[in-house]
>>> print(open('entry.tsv').read())   # TSV, C-alpha atoms
chain	number	residue	atom	x	y	z
A	1	MET	CA	20.48	-11.87	15.19
A	2	ALA	CA	18.11	-11.47	12.26
A	3	ASP	CA	19.19	-9.44	9.26
A	4	PRO	CA	17.89	-5.87	9.92
A	5	ASN	CA	16.62	-5.66	6.35
A	6	LYS	CA	14.42	-8.70	6.99
A	7	ALA	CA	12.43	-6.78	9.59
A	8	ILE	CA	11.90	-3.97	7.09
A	9	GLU	CA	10.79	-6.51	4.47
A	10	ALA	CA	8.52	-8.18	7.02
A	11	GLN	CA	6.78	-4.87	7.67
A	12	ALA	CA	6.18	-4.50	3.94
A	13	VAL	CA	4.59	-7.96	3.95
A	14	MET	CA	2.38	-7.21	6.96
A	15	HIS	CA	1.04	-3.92	5.62
A	16	HIS	CA	0.59	-5.30	2.11
A	17	GLN	CA	-1.44	-8.22	3.44
A	18	TYR	CA	-3.47	-5.91	5.65
A	19	PHE	CA	-4.35	-3.65	2.73
A	20	LEU	CA	-5.37	-6.67	0.69
A	21	GLY	CA	-7.40	-8.20	3.53
A	22	LEU	CA	-9.19	-4.94	4.19
A	23	GLN	CA	-10.14	-4.65	0.52
A	24	LEU	CA	-11.62	-8.15	0.65
A	25	MET	CA	-13.41	-7.40	3.92
A	26	VAL	CA	-15.01	-4.23	2.53
A	27	ALA	CA	-15.88	-5.86	-0.79
A	28	SER	CA	-17.51	-8.90	0.84
A	29	THR	CA	-19.47	-6.99	3.48
A	30	LYS	CA	-20.31	-3.68	1.78
A	31	GLY	CA	-20.37	-4.58	-1.91
A	32	PRO	CA	-18.63	-3.54	-5.15
A	33	ASP	CA	-19.83	0.07	-5.31
A	34	ILE	CA	-18.58	0.85	-1.81
A	35	VAL	CA	-15.15	-0.64	-2.40
A	36	GLY	CA	-14.96	1.23	-5.71
A	37	ASP	CA	-15.79	4.54	-4.01
A	38	TRP	CA	-13.24	3.80	-1.28
A	39	MET	CA	-10.50	3.07	-3.82
A	40	PHE	CA	-11.34	6.26	-5.70
A	41	ARG	CA	-10.99	8.40	-2.56
A	42	LEU	CA	-7.87	6.60	-1.39
A	43	PHE	CA	-6.04	6.94	-4.70
A	44	ARG	CA	-7.10	10.54	-5.18
A	45	ARG	CA	-5.66	11.25	-1.71
A	46	GLN	CA	-2.46	9.38	-2.61
A	47	HIS	CA	-2.27	11.27	-5.90
A	48	GLU	CA	-2.62	14.67	-4.25
A	49	GLU	CA	0.08	13.82	-1.71
A	50	LYS	CA	2.62	12.03	-3.92
A	51	PHE	CA	2.28	12.77	-7.63
A	52	LEU	CA	3.71	16.25	-8.10
A	53	SER	CA	6.04	16.02	-5.11
A	54	SER	CA	7.91	13.07	-6.64
A	55	PHE	CA	7.46	13.97	-10.30
A	56	GLU	CA	10.47	16.26	-10.48
A	57	LYS	CA	12.60	13.97	-8.32
A	58	LEU	CA	12.24	11.30	-10.99
A	59	GLY	CA	13.56	13.61	-13.71
A	60	LEU	CA	10.30	13.77	-15.67
A	61	SER	CA	9.52	17.49	-15.75
A	62	ASP	CA	10.93	18.17	-19.22
A	63	LEU	CA	9.14	15.29	-20.97
A	64	PRO	CA	5.83	15.49	-22.91
A	65	PRO	CA	2.93	14.98	-20.46
A	66	ALA	CA	1.80	11.59	-21.83
A	67	VAL	CA	5.33	10.19	-21.86
A	68	ALA	CA	6.14	11.63	-18.43
A	69	SER	CA	2.96	10.19	-16.91
A	70	ALA	CA	3.63	6.71	-18.25
A	71	LYS	CA	7.25	6.75	-17.10
A	72	TYR	CA	6.19	8.05	-13.70
A	73	HIS	CA	3.98	5.02	-13.11
A	74	VAL	CA	6.72	2.61	-14.15
A	75	LEU	CA	9.31	4.24	-11.88
A	76	SER	CA	7.14	4.87	-8.83
A	77	ASN	CA	5.64	1.39	-8.88
A	78	SER	CA	8.99	-0.33	-9.40
A	79	MET	CA	10.33	1.34	-6.24
A	80	GLY	CA	7.43	-0.28	-4.38
A	81	GLY	CA	8.22	-3.69	-5.84
A	82	VAL	CA	5.48	-3.58	-8.48
A	83	SER	CA	6.36	-4.70	-12.01
A	84	VAL	CA	5.15	-2.24	-14.68
A	85	GLU	CA	6.39	-1.89	-18.25
A	86	TYR	CA	6.53	1.15	-20.52
A	87	MET	CA	5.85	1.07	-24.26
A	88	ALA	CA	6.61	4.20	-26.29
A	89	GLN	CA	4.38	5.15	-29.19
A	90	SER	CA	4.59	8.93	-29.67
A	91	ASP	CA	4.99	12.13	-27.70
A	92	THR	CA	1.23	12.24	-27.20
A	93	LYS	CA	0.55	8.54	-26.55
A	94	ALA	CA	2.51	6.34	-24.13
A	95	TRP	CA	1.59	2.93	-22.71
A	96	VAL	CA	1.89	1.16	-19.36
A	97	ARG	CA	1.30	-2.51	-18.66
A	98	PHE	CA	1.25	-4.11	-15.21
A	99	ARG	CA	2.73	-7.60	-15.12
A	100	TYR	CA	1.60	-10.59	-13.09
A	101	PRO	CA	1.55	-11.53	-10.29
A	102	ARG	CA	-0.30	-8.34	-9.39
A	103	TRP	CA	0.90	-6.73	-6.15
A	104	MET	CA	-2.48	-5.17	-5.50
A	105	TYR	CA	-4.33	-8.50	-5.60
A	106	ASP	CA	-1.85	-11.00	-4.21
A	107	GLY	CA	-2.39	-14.70	-4.92
A	108	ALA	CA	-5.91	-16.09	-5.17
A	109	ALA	CA	-7.37	-12.88	-3.69
A	110	ILE	CA	-7.59	-11.46	-7.21
A	111	CYS	CA	-10.72	-13.60	-7.62
A	112	GLY	CA	-12.46	-11.80	-4.75
A	113	ILE	CA	-11.84	-8.18	-5.70
A	114	PRO	CA	-14.57	-6.54	-7.83
A	115	VAL	CA	-13.69	-4.65	-10.99
A	116	GLU	CA	-15.08	-1.50	-9.34
A	117	ALA	CA	-11.95	-1.42	-7.15
A	118	SER	CA	-9.69	-1.18	-10.18
A	119	ARG	CA	-11.85	1.45	-11.85
A	120	GLY	CA	-11.90	3.41	-8.61
A	121	PHE	CA	-8.14	3.77	-8.52
A	122	LEU	CA	-7.98	4.53	-12.24
A	123	ARG	CA	-10.42	7.41	-11.72
A	124	GLY	CA	-8.73	8.49	-8.52
A	125	TRP	CA	-5.18	8.67	-9.87
A	126	TYR	CA	-4.69	8.02	-13.58
A	127	ALA	CA	-7.55	10.22	-14.72
A	128	GLN	CA	-6.22	13.05	-12.55
A	129	ASN	CA	-2.71	13.27	-14.04
A	130	GLY	CA	-3.63	15.85	-16.65
A	131	ILE	CA	-5.35	18.09	-14.12
A	132	SER	CA	-2.36	17.98	-11.78
A	133	LEU	CA	0.02	18.73	-14.64
A	134	GLY	CA	-2.12	21.65	-15.83
A	135	ASN	CA	-2.95	19.89	-19.10
A	136	PRO	CA	-6.72	19.36	-19.45
A	137	ARG	CA	-6.24	17.44	-22.73
A	138	LEU	CA	-4.40	14.53	-21.05
A	139	GLY	CA	-6.42	11.44	-20.24
A	140	PHE	CA	-5.97	7.70	-19.70
A	141	VAL	CA	-7.41	4.99	-21.95
A	142	CYS	CA	-7.69	1.52	-20.39
A	143	VAL	CA	-7.51	-1.38	-22.88
A	144	SER	CA	-7.37	-4.33	-20.44
A	145	GLU	CA	-8.37	-4.93	-16.82
A	146	ASP	CA	-7.44	-7.54	-14.25
A	147	MET	CA	-10.83	-8.81	-13.13
A	148	THR	CA	-12.26	-9.16	-16.63
A	149	GLY	CA	-9.85	-11.99	-17.51
A	150	GLN	CA	-8.01	-10.07	-20.23
A	151	PHE	CA	-4.20	-9.72	-20.06
A	152	GLY	CA	-3.90	-7.55	-16.97
A	153	LEU	CA	-4.10	-3.84	-16.32
A	154	CYS	CA	-2.90	-2.03	-19.42
A	155	GLY	CA	-3.57	1.26	-21.14
A	156	TYR	CA	-2.08	4.49	-22.38
A	157	PHE	CA	-1.86	8.13	-21.50
A	158	ARG	CA	-3.00	10.24	-24.43
A	159	GLU	CA	-2.97	13.92	-25.10
A	160	PHE	CA	-6.17	14.59	-27.03
A	161	ASP	CA	-6.78	17.56	-29.34
A	162	HIS	CA	-9.41	19.10	-27.03
A	163	ASP	CA	-9.96	19.72	-23.33
A	164	LEU	CA	-11.49	16.67	-21.67
A	165	THR	CA	-14.60	16.66	-19.53
A	166	GLU	CA	-14.43	14.82	-16.21
A	167	ASP	CA	-16.09	11.76	-17.75
A	168	GLU	CA	-13.61	11.73	-20.65
A	169	ARG	CA	-10.47	11.65	-18.51
A	170	LEU	CA	-10.83	7.87	-18.11
A	171	GLN	CA	-11.89	5.93	-21.19
A	172	PHE	CA	-12.02	2.24	-22.17
A	173	ALA	CA	-10.96	0.73	-25.50
A	174	PRO	CA	-10.77	-3.08	-25.05
A	175	ASP	CA	-10.09	-3.74	-28.74
A	176	GLU	CA	-6.75	-1.91	-28.76
A	177	THR	CA	-3.42	-3.66	-28.17
A	178	PRO	CA	-0.12	-2.22	-26.92
A	179	PRO	CA	3.01	-1.95	-29.06
A	180	PRO	CA	5.86	-4.44	-28.47
A	181	TYR	CA	7.92	-4.26	-25.30
A	182	LYS	CA	11.47	-2.97	-25.73
A	183	ALA	CA	13.94	-3.33	-22.89
A	184	GLU	CA	15.96	-0.36	-24.08
A	185	ASP	CA	12.93	1.96	-23.69
A	186	GLN	CA	12.40	1.25	-19.98
A	187	PRO	CA	12.98	4.29	-17.74
A	188	VAL	CA	15.48	4.26	-14.87
A	189	PRO	CA	15.50	6.64	-11.91
A	190	PRO	CA	18.01	9.51	-12.01
A	191	ASP	CA	19.81	8.01	-9.02
A	192	SER	CA	20.34	4.36	-9.88
A	193	GLN	CA	22.35	3.65	-6.72
A	194	TRP	CA	19.66	1.86	-4.75
A	195	SER	CA	21.06	-0.18	-1.87
A	196	GLU	CA	19.28	-3.27	-0.58
A	197	GLU	CA	18.24	-1.35	2.53
A	198	ARG	CA	16.92	1.61	0.55
A	199	LEU	CA	14.84	-0.66	-1.68
A	200	ALA	CA	13.50	-2.52	1.35
A	201	LYS	CA	12.43	0.76	2.95
A	202	ALA	CA	10.79	1.93	-0.26
A	203	ASN	CA	8.77	-1.30	-0.42
A	204	ARG	CA	7.77	-0.95	3.23
A	205	ASN	CA	6.73	2.69	2.86
A	206	TYR	CA	4.80	1.91	-0.33
A	207	ALA	CA	2.65	-0.63	1.54
A	208	MET	CA	2.32	1.51	4.66
A	209	GLU	CA	1.00	4.52	2.77
A	210	TYR	CA	-2.01	2.56	1.55
A	211	ILE	CA	-2.94	1.81	5.15
A	212	ARG	CA	-2.18	5.31	6.44
A	213	ASN	CA	-4.33	6.99	3.80
A	214	GLY	CA	-6.78	4.15	3.39
A	215	MET	CA	-8.28	4.35	6.86
A	216	LEU	CA	-9.36	7.97	6.57
A	217	ALA	CA	-10.69	7.39	3.05
A	218	LEU	CA	-12.76	4.46	4.34
A	219	VAL	CA	-14.20	6.62	7.13
A	220	SER	CA	-15.32	9.15	4.52
A	221	VAL	CA	-17.25	6.42	2.68
A	222	ILE	CA	-18.90	4.35	5.43
A	223	GLY	CA	-18.48	6.41	8.59
A	224	ALA	CA	-16.09	6.16	11.52
A	225	GLU	CA	-17.89	3.48	13.55
A	226	GLU	CA	-18.31	0.97	10.73
A	227	ALA	CA	-14.86	1.69	9.30
A	228	ARG	CA	-13.28	0.99	12.67
A	229	ALA	CA	-15.24	-2.24	13.11
A	230	LEU	CA	-14.28	-3.62	9.69
A	231	SER	CA	-10.66	-2.49	9.79
A	232	THR	CA	-10.17	-3.88	13.30
A	233	ARG	CA	-11.63	-7.26	12.37
A	234	ALA	CA	-9.56	-7.43	9.20
A	235	ALA	CA	-6.45	-6.44	11.19
A	236	ARG	CA	-6.90	-9.23	13.70
A	237	LEU	CA	-7.42	-11.83	10.98
A	238	ILE	CA	-4.38	-10.67	9.01
A	239	GLY	CA	-2.24	-10.68	12.16
A	240	LEU	CA	-3.33	-14.24	12.94
A	241	GLN	CA	-2.85	-15.38	9.37
A	242	THR	CA	0.53	-13.72	8.78
A	243	TYR	CA	2.45	-14.30	12.03
A	244	GLN	CA	4.19	-17.54	11.03
A	245	ARG	CA	5.46	-16.01	7.79
A	246	LEU	CA	6.80	-12.97	9.63
A	247	ALA	CA	8.37	-15.04	12.40
A	248	THR	CA	10.26	-17.07	9.82
A	249	MET	CA	11.56	-13.88	8.23
A	250	VAL	CA	12.85	-12.34	11.49
A	251	ASP	CA	13.82	-15.48	13.44
A	252	GLY	CA	10.92	-15.12	15.85
A	253	HIS	CA	10.14	-17.83	18.42
A	254	ASP	CA	6.66	-19.18	19.13
A	255	GLY	CA	7.21	-19.20	22.88
A	256	ASP	CA	6.47	-17.24	26.03
A	257	ALA	CA	5.65	-13.58	26.64
A	258	ALA	CA	9.33	-12.59	26.51
A	259	ASP	CA	9.65	-14.20	23.07
A	260	ALA	CA	6.53	-12.35	21.92
A	261	ALA	CA	7.90	-9.02	23.14
A	262	GLN	CA	11.17	-9.68	21.33
A	263	PHE	CA	9.25	-10.45	18.14
A	264	LEU	CA	7.40	-7.14	18.39
A	265	ALA	CA	10.62	-5.26	19.14
A	266	THR	CA	12.26	-6.74	16.05
A	267	MET	CA	9.26	-5.96	13.88
A	268	PHE	CA	8.87	-2.40	15.15
A	269	THR	CA	12.56	-1.75	14.62
A	270	GLY	CA	11.80	-2.63	11.01
A	271	MET	CA	9.46	0.39	11.06
A	272	GLY	CA	12.31	2.63	12.18
A	273	ASP	CA	10.76	2.95	15.66
A	274	THR	CA	12.72	2.85	18.91
A	275	CYS	CA	12.00	-0.14	21.14
A	276	VAL	CA	13.01	-0.75	24.76
A	277	LEU	CA	12.34	-4.09	26.40
A	278	GLU	CA	11.76	-4.00	30.15
A	279	PRO	CA	13.11	-7.24	31.70
A	280	MET	CA	10.51	-9.08	33.75
A	281	SER	CA	10.68	-12.18	35.90
A	282	PRO	CA	9.30	-14.68	35.26
A	283	ARG	CA	9.26	-14.65	31.43
A	284	THR	CA	5.50	-15.15	31.41
A	285	THR	CA	5.10	-11.36	31.55
A	286	ALA	CA	6.97	-8.87	29.36
A	287	LYS	CA	6.83	-5.15	28.65
A	288	LEU	CA	7.92	-3.24	25.55
A	289	ARG	CA	7.99	0.52	25.08
A	290	GLN	CA	7.73	1.55	21.42
A	291	SER	CA	8.38	5.17	20.48
A	292	GLY	CA	8.61	7.11	17.24
A	293	LEU	CA	5.50	5.45	15.74
A	294	ARG	CA	6.34	5.81	12.06
A	295	ILE	CA	2.86	4.58	11.18
A	296	MET	CA	1.44	7.80	12.70
A	297	ARG	CA	4.04	10.36	11.60
A	298	GLY	CA	2.69	13.42	9.83
A	299	LEU	CA	-0.96	12.41	10.15
A	300	ASP	CA	-3.63	14.79	11.39
A	301	ASP	CA	-5.80	13.97	14.39
A	302	ALA	CA	-8.62	12.48	12.32
A	303	ALA	CA	-6.29	10.11	10.50
A	304	ARG	CA	-4.61	9.09	13.77
A	305	GLU	CA	-7.98	8.38	15.32
A	306	ALA	CA	-8.99	6.18	12.39
A	307	LEU	CA	-5.71	4.30	12.24
A	308	LEU	CA	-4.28	3.59	15.68
A	309	ALA	CA	-6.74	1.11	17.20
A	310	PRO	CA	-6.96	-1.12	14.09
A	311	TRP	CA	-3.18	-1.00	13.68
A	312	ILE	CA	-2.68	-2.16	17.27
A	313	GLU	CA	-5.10	-5.00	16.60
A	314	LEU	CA	-2.88	-6.14	13.72
A	315	TRP	CA	-0.19	-7.02	16.29
A	316	ARG	CA	-2.64	-8.36	18.85
A	317	GLY	CA	-3.72	-10.76	16.14
A	318	ALA	CA	-0.13	-11.81	15.47
A	319	LEU	CA	0.45	-12.57	19.17
A	320	SER	CA	-2.85	-14.46	19.34
A	321	SER	CA	-1.34	-16.90	16.85
A	322	TYR	CA	1.17	-18.14	19.46
A	323	ARG	CA	0.75	-21.65	20.86
A	324	ILE	CA	0.78	-20.21	24.40
A	325	ARG	CA	-2.13	-17.79	24.42
A	326	LYS	CA	-1.37	-14.17	25.26
A	327	GLU	CA	-3.14	-11.31	27.00
A	328	VAL	CA	-2.01	-7.98	25.53
A	329	ASP	CA	-2.59	-4.55	27.06
A	330	VAL	CA	-1.53	-1.41	25.16
A	331	THR	CA	-1.25	2.09	26.63
A	332	HIS	CA	-0.89	5.06	24.28
A	333	ASN	CA	0.99	8.14	25.43
A	334	GLY	CA	1.91	10.78	22.82
A	335	ASP	CA	4.21	9.19	20.26
A	336	SER	CA	4.79	6.00	22.25
A	337	LEU	CA	3.01	2.76	23.07
A	338	LEU	CA	3.57	0.56	26.10
A	339	TRP	CA	2.86	-3.10	25.37
A	340	THR	CA	2.29	-5.44	28.33
A	341	ILE	CA	2.17	-9.10	27.35
A	342	ARG	CA	1.16	-11.93	29.69
A	343	ASP	CA	0.94	-15.64	29.05
A	344	ILE	CA	-2.47	-17.14	29.76
A	345	THR	CA	-1.86	-20.28	31.77
>>> encode(input="entry.tsv", output="C-alpha cells")
Amino acid sequence: MADPNKAIEAQAVMHHQYFLGLQLMVASTKGPDIVGDWMFRLFRRQHEEKFLSSFEKLGLSDLPPAVASAKYHVLSNSMGGVSVEYMAQSDTKAWVRFRYPRWMYDGAAICGIPVEASRGFLRGWYAQNGISLGNPRLGFVCVSEDMTGQFGLCGYFREFDHDLTEDERLQFAPDETPPPYKAEDQPVPPDSQWSEERLAKANRNYAMEYIRNGMLALVSVIGAEEARALSTRAARLIGLQTYQRLATMVDGHDGDAADAAQFLATMFTGMGDTCVLEPMSPRTTAKLRQSGLRIMRGLDDAAREALLAPWIELWRGALSSYRIRKEVDVTHNGDSLLWTIRDIT
C-alpha cells in the first residue's frame, strides 16, 4: 500500500500544476493585462481570507508592523513549501527575498508568465498589509522582480512618515539591495512541532486554495462562460500531463477501469475525502463514490459553480492518459460524486 502521505503530496503537486497551467493558459490567450488583473483579484481575496486570521496564530501581533509583515510572509510561505528569507534592518524597514526555484512559476514556465502577474499579486496582497493592520503608513517597496531577470522577487515593508495613497502602497526601487542574510534572524512558528503529515497537508492546502479562490476571481475578470472554457481546457491538459508523475508517487497502475478507480480513490483519500469502491465484474467497468469533497468545503454557490466542472475535468484528463482509453461519467449529488469508469475496447 502506498504511503498515505504520498497521496497528500500528490494532491499538492496536482493543484500546484493546475494553478500554474491555468496562469499560462490565461496569459497566452487573454494577454498580460488580464492575467495581471486576475492575480490582483485572487491575491486580494486570499489576503482578506487568510492574513489577519493567521497573523495572531503565528505570534506576530506584538511586533512592529513592518517587521511583522515581513516575518508573516516568510512563515506562511514556508508552511506551503515556498522558500522565503527575512532580512532585518530596523523596526520600520524589514526585507523579504524569495529564493529559486520559484514555486509560483515552476520550471521553464517562468519564461511564459508576464510581469503583470507578479505585480498583480504584489498589489493584491503586499500593498494591502498596512490597510489590514490599520496602519496607513505601511507600504511595500519592490527592488527586484522575477520576470525582469534580476535576482528574484525581493523587497521590503516600510513604515513611512506619512499616510500613503493607494498608488504609494506599492513602490519600485530597483537600485536598492537587501542587507546580508543571517540564519539567526529567520523566524520560526510558535509551534515548531510539525510532523511530516502536517507539513504535507499544509503544502496541499496551500496549493488548493489558489484553485478554490482563483476560479471565482477569474470569473470576475473574464466572465463565467469564458472562465469555464479556459479552466476546463487547462484542467484536462494538466491531468493528461501530470498523471504519470502522480501514479509513480502513489503506486498507481496504468491498467483497466478497476485500476483507474483505485488510483482515484487513493488520490481523493489524499484530499481527506471518503471513497468507496463498488466492485464490478468484469474489471472493465468500475464505480467509485467520493464524499466529503474537500475542494468544495466552505465555498458559496457561485464559487462551487465556477470550480466543480473544471476540477472534475482535471481527473478526467488524468484517466485519459491511460494506455487503455477510458469513458468517465460523473454524477454530482450534494457533497458526493459518483464516478463510473469504463474501458473503451
>>> residues_near_point(input="entry.tsv", point="(-5.0, -1.7, 19.5)", cutoff="12 Å", atoms="only C-alpha atoms", output="JSON, numbers by chain")
{"A": [228, 231, 232, 233, 235, 236, 239, 305, 306, 307, 308, 309, 310, 311, 312, 313, 314, 315, 316, 317, 318, 328, 329, 330, 331, 332, 337, 338, 339]}
>>> closest_atom_pairs(input="entry.tsv", of="segment 201-304 of chain A", to="segment 46-67 of chain A", cutoff="9 Å", atoms="all atoms listed in the file", output="CSV")
residue,atom,partner,partner_atom,distance
A:Glu209,CA,A:Gln46,CA,8.0
A:Tyr210,CA,A:Gln46,CA,8.0
A:Asn213,CA,A:Gln46,CA,7.1
>>> closest_residue(input="entry.tsv", among="A:Glu145, A:Asp163, A:Glu225, A:Glu85", to="Tyr181 of chain A", atoms="all atoms listed in the file")
A:Glu85
>>> closest_residue(input="entry.tsv", among="A:Tyr105, A:Arg97, A:Gln262, A:Gln186", to="Phe151 of chain A", atoms="all atoms listed in the file")
A:Arg97
>>> closest_residue(input="entry.tsv", among="A:Arg342, A:Gln244, A:Met147, A:Thr266", to="Thr284 of chain A", atoms="all atoms listed in the file")
A:Arg342
>>> atom_distance(input="entry.tsv", atom1="atom CA of Gly134 of chain A", atom2="atom CA of Thr177 of chain A")
28.2 Å
